[in-house]
Every structure is written in C-alpha cells, then in structure tokens.
Amino acid sequence: MPPAMPTETSLDPRYSAPEAHAADWSEAVARLTGAEVFWLTSVRPDGRPHVTPLIAVWSEGALHFCTGPDERKARNLSANAQVALTTGTNSLSAGFDVVIEGEAVRVTDETRLRALAGAYVDKYGPDWRFDVRDGVFVGDGGVALVFAVAPRTAFGFAKGEPFGQTRWRF
C-alpha cells in the first residue's frame, strides 16, 4: 500500500478562489473517518461505470468496504480493481467533499479482518456485527469479501467561501 501520508499536496488555482489554501491531509482523514456513506465507482467488464452507495471504515491508511462475492461490485473488481470512493455533503455552498482513487485489494488476514469487524461495530453499531471465518466477513446477509483502498491520489473540495480544490498524491 502507498504511504499513509501524501508525498505532494497542491491547490488547483483553476478551481479555487484566490484566497483558498490547500487543505491539510488530516482534514480529509477526519472526513473519511466520520463519514457514514460513501459512493464506490467501479468499472463493469464492458467498460461502463458502476456507482453504488456503501458504508466503509478508515483504518491503517485505507478505506475498507465489504460486498457479497456475487454482487456487481465484486464481479467488477475481479476484472478491474481500480476504483474511486467519494463522500461529502449534498450542498454546493458548504462542506468538504473527498474523493479517493486507488486499487481495491482483498483483505483476507483474519487478524486484520477481526480488527475491521470491530471498527464496523464501533462506527455503525451492533447491526453491522460480522464474524470472521476463512478470510471473509460472515453476517446475517451471508458472506462478504473485504477490500482496502489506499489512496493513490485524493481530492478535497472545499465548498462555500472560499471554494478550493486540493490534490494529494501518495
């Protein structure tokens, strides 16, 4: 996985107010940690995009999500692991949106999966409790594969005054 801290941070003046400044990566991490809903964009085998909402947890420098092995997300990832995960607000005049681009990598280590299962309960409550068996989450909905997306590139969009677009490279 890429390093946990960006190697480059820049403000894009084309999409930023003159008084804007590049956001610190810690602001993006706070948003990723606190957000409840994310939008995953993956690519279907025929090249068409697939976008779906899901829940995710930020841990050890990556966003983690899970999906059933027969779901469209999992089938897309088996052919092309490049994804984008997005979170933010539905407002144009306030808030901060974050986009993470990277590769979705399966997590199968059971010690790591148990830690992630605990992180899901801590963040989303007991309805999101998973057991860990044979390298997967097991819950009321059946088996779920777990993926980690460490950012290769990330974007932060400050909305309102001042508008600003920050890019982080890892």
# chains A, B, ... in the order shown; residues from 1 in each chain; ligands from 1
call {"tool": "residues_around", "arguments": {"residues": "A:Trp39", "least_positions_apart": "2", "cutoff": "9 Å", "atoms": "only C-alpha atoms", "output": "MDAnalysis selection string"}}
result
chainID A and resid 37 41 51:55 84:87
call {"tool": "write_last_selection", "arguments": {"atoms": "C-alpha atoms", "output": "short mmCIF file (atom, residue, chain, number, x, y, z; two decimals), in the first residue's frame"}}
result
data_model
loop_
_atom_site.label_atom_id
_atom_site.label_comp_id
_atom_site.auth_asym_id
_atom_site.auth_seq_id
_atom_site.Cartn_x
_atom_site.Cartn_y
_atom_site.Cartn_z
CA VAL A 37 -21.99 6.91 3.44
CA THR A 41 -17.28 3.81 -8.58
CA VAL A 51 -21.69 3.56 -8.94
CA THR A 52 -23.25 2.42 -5.69
CA PRO A 53 -23.54 3.74 -2.12
CA LEU A 54 -21.99 1.75 0.70
CA ILE A 55 -20.57 2.05 4.18
CA ALA A 84 -12.90 5.77 -6.72
CA LEU A 85 -14.63 6.28 -3.37
CA THR A 86 -16.41 9.56 -2.71
CA THR A 87 -18.01 11.14 0.35
#
call {"tool": "select_by_dssp", "arguments": {"residues": "stretch 1-163 of chain A", "states": "strand (DSSP E or B)", "output": "PyMOL selection string"}}
result
chain A and resi 8-11+38-43+49-54+57-59+62-67+82-87+95-107+131-133+136-139+142-149+153-159
call {"tool": "residues_around", "arguments": {"residues": "A:Thr89", "least_positions_apart": "6", "cutoff": "12 Å", "atoms": "only C-alpha atoms", "output": "ChimeraX atom specification"}}
result
/A:31,35-39,95-98,156-160
call {"tool": "residues_around", "arguments": {"residues": "A:Val136", "least_positions_apart": "6", "cutoff": "12 Å", "atoms": "only C-alpha atoms", "output": "PDB file with C-alpha atoms, in the first residue's frame"}}
result
ATOM      1  CA  PHE A  65     -15.633  -1.826   2.453  1.00  0.00           C
ATOM      2  CA  CYS A  66     -17.278  -5.193   2.038  1.00  0.00           C
ATOM      3  CA  THR A  67     -19.512  -6.780  -0.561  1.00  0.00           C
ATOM      4  CA  GLY A  68     -21.026 -10.155  -1.350  1.00  0.00           C
ATOM      5  CA  PRO A  69     -18.962 -12.256  -3.752  1.00  0.00           C
ATOM      6  CA  ARG A 106      -8.798  -8.026  -0.917  1.00  0.00           C
ATOM      7  CA  VAL A 107      -8.174  -8.290   2.806  1.00  0.00           C
ATOM      8  CA  THR A 108      -8.013 -11.931   3.925  1.00  0.00           C
ATOM      9  CA  ASP A 109      -5.776 -11.831   7.005  1.00  0.00           C
ATOM     10  CA  GLU A 110      -8.061 -12.912   9.837  1.00  0.00           C
ATOM     11  CA  THR A 111      -6.370 -10.767  12.491  1.00  0.00           C
ATOM     12  CA  ARG A 112      -6.862  -7.707  10.276  1.00  0.00           C
ATOM     13  CA  LEU A 113     -10.441  -8.748   9.464  1.00  0.00           C
ATOM     14  CA  ARG A 114     -11.302  -9.080  13.174  1.00  0.00           C
ATOM     15  CA  LEU A 116     -12.054  -4.258  10.841  1.00  0.00           C
ATOM     16  CA  ALA A 117     -15.140  -6.104  12.090  1.00  0.00           C
ATOM     17  CA  PHE A 130     -19.527  -9.569  11.481  1.00  0.00           C
ATOM     18  CA  GLY A 142     -24.152 -14.181   4.300  1.00  0.00           C
ATOM     19  CA  VAL A 143     -20.512 -13.962   3.255  1.00  0.00           C
ATOM     20  CA  ALA A 144     -18.827 -10.661   2.417  1.00  0.00           C
ATOM     21  CA  LEU A 145     -15.442 -10.050   0.830  1.00  0.00           C
ATOM     22  CA  VAL A 146     -13.490  -7.169   2.370  1.00  0.00           C
ATOM     23  CA  PHE A 147     -11.467  -4.718   0.281  1.00  0.00           C
TER      24      PHE A 147
END
call {"tool": "atom_distance", "arguments": {"atom1": "atom CA of A:Asn76", "atom2": "atom CA of A:Pro151"}}
result
19.0 Å
call {"tool": "residues_around", "arguments": {"residues": "A:Arg169", "least_positions_apart": "6", "cutoff": "7 Å", "atoms": "only C-alpha atoms", "output": "tab-separated table (two decimals) with N, CA and C atoms, in the first residue's frame"}}
result
chain	number	residue	atom	x	y	z
A	6	PRO	N	0.56	11.87	2.30
A	6	PRO	CA	0.82	12.27	0.91
A	6	PRO	C	2.25	12.74	0.72
A	7	THR	N	2.78	12.48	-0.47
A	7	THR	CA	4.10	12.97	-0.82
A	7	THR	C	4.01	14.34	-1.48
A	8	GLU	N	2.81	14.71	-1.91
A	8	GLU	CA	2.60	16.00	-2.57
A	8	GLU	C	1.20	16.50	-2.25
A	9	THR	N	1.10	17.77	-1.89
A	9	THR	CA	-0.18	18.43	-1.65
A	9	THR	C	-0.19	19.70	-2.47
A	152	ARG	N	-4.12	6.45	-3.93
A	152	ARG	CA	-3.01	6.73	-4.84
A	152	ARG	C	-3.03	8.23	-5.10
A	153	THR	N	-4.23	8.74	-5.33
A	153	THR	CA	-4.50	10.17	-5.47
A	153	THR	C	-5.78	10.45	-4.72
A	154	ALA	N	-5.87	11.60	-4.08
A	154	ALA	CA	-7.09	12.00	-3.41
A	154	ALA	C	-7.34	13.47	-3.71
call {"tool": "residues_around", "arguments": {"residues": "A:Asp46", "least_positions_apart": "6", "cutoff": "12 Å", "atoms": "only C-alpha atoms", "output": "number ranges by chain"}}
result
A: 75-76, 79-80
call {"tool": "write_last_selection", "arguments": {"atoms": "all heavy atoms", "output": "tab-separated table (two decimals), in the first residue's frame"}}
result
chain	number	residue	atom	x	y	z
A	75	ARG	N	-17.89	-8.55	-8.74
A	75	ARG	CA	-17.63	-9.04	-10.10
A	75	ARG	C	-16.82	-8.01	-10.88
A	75	ARG	O	-15.90	-8.37	-11.63
A	75	ARG	CB	-18.94	-9.38	-10.79
A	75	ARG	CG	-19.66	-10.54	-10.11
A	75	ARG	CD	-20.80	-11.16	-10.90
A	75	ARG	NE	-21.59	-10.28	-11.72
A	75	ARG	CZ	-22.80	-9.80	-11.39
A	75	ARG	NH1	-23.34	-10.12	-10.22
A	75	ARG	NH2	-23.47	-9.05	-12.22
A	76	ASN	N	-17.12	-6.73	-10.71
A	76	ASN	CA	-16.33	-5.69	-11.37
A	76	ASN	C	-14.88	-5.72	-10.91
A	76	ASN	O	-13.95	-5.63	-11.72
A	76	ASN	CB	-16.91	-4.30	-11.09
A	76	ASN	CG	-18.24	-4.06	-11.76
A	76	ASN	OD1	-18.69	-4.84	-12.59
A	76	ASN	ND2	-18.89	-2.98	-11.37
A	79	ALA	N	-12.31	-8.12	-12.35
A	79	ALA	CA	-11.78	-7.82	-13.68
A	79	ALA	C	-10.93	-6.55	-13.70
A	79	ALA	O	-10.01	-6.42	-14.50
A	79	ALA	CB	-12.93	-7.67	-14.68
A	80	ASN	N	-11.26	-5.59	-12.81
A	80	ASN	CA	-10.55	-4.30	-12.79
A	80	ASN	C	-10.66	-3.75	-11.38
A	80	ASN	O	-11.73	-3.33	-10.96
A	80	ASN	CB	-11.17	-3.34	-13.80
A	80	ASN	CG	-10.44	-2.01	-13.86
A	80	ASN	OD1	-9.65	-1.65	-13.00
A	80	ASN	ND2	-10.72	-1.25	-14.90
call {"tool": "closest_residue", "arguments": {"among": "A:Val29, A:Asp70, A:Pro162, A:Pro49", "to": "A:Leu92", "atoms": "only C-alpha atoms"}}
result
A:Pro162
call {"tool": "closest_residue", "arguments": {"among": "A:Ser42, A:Thr33, A:Ser16, A:Ser26", "to": "A:Leu77", "atoms": "only C-alpha atoms"}}
result
A:Ser42
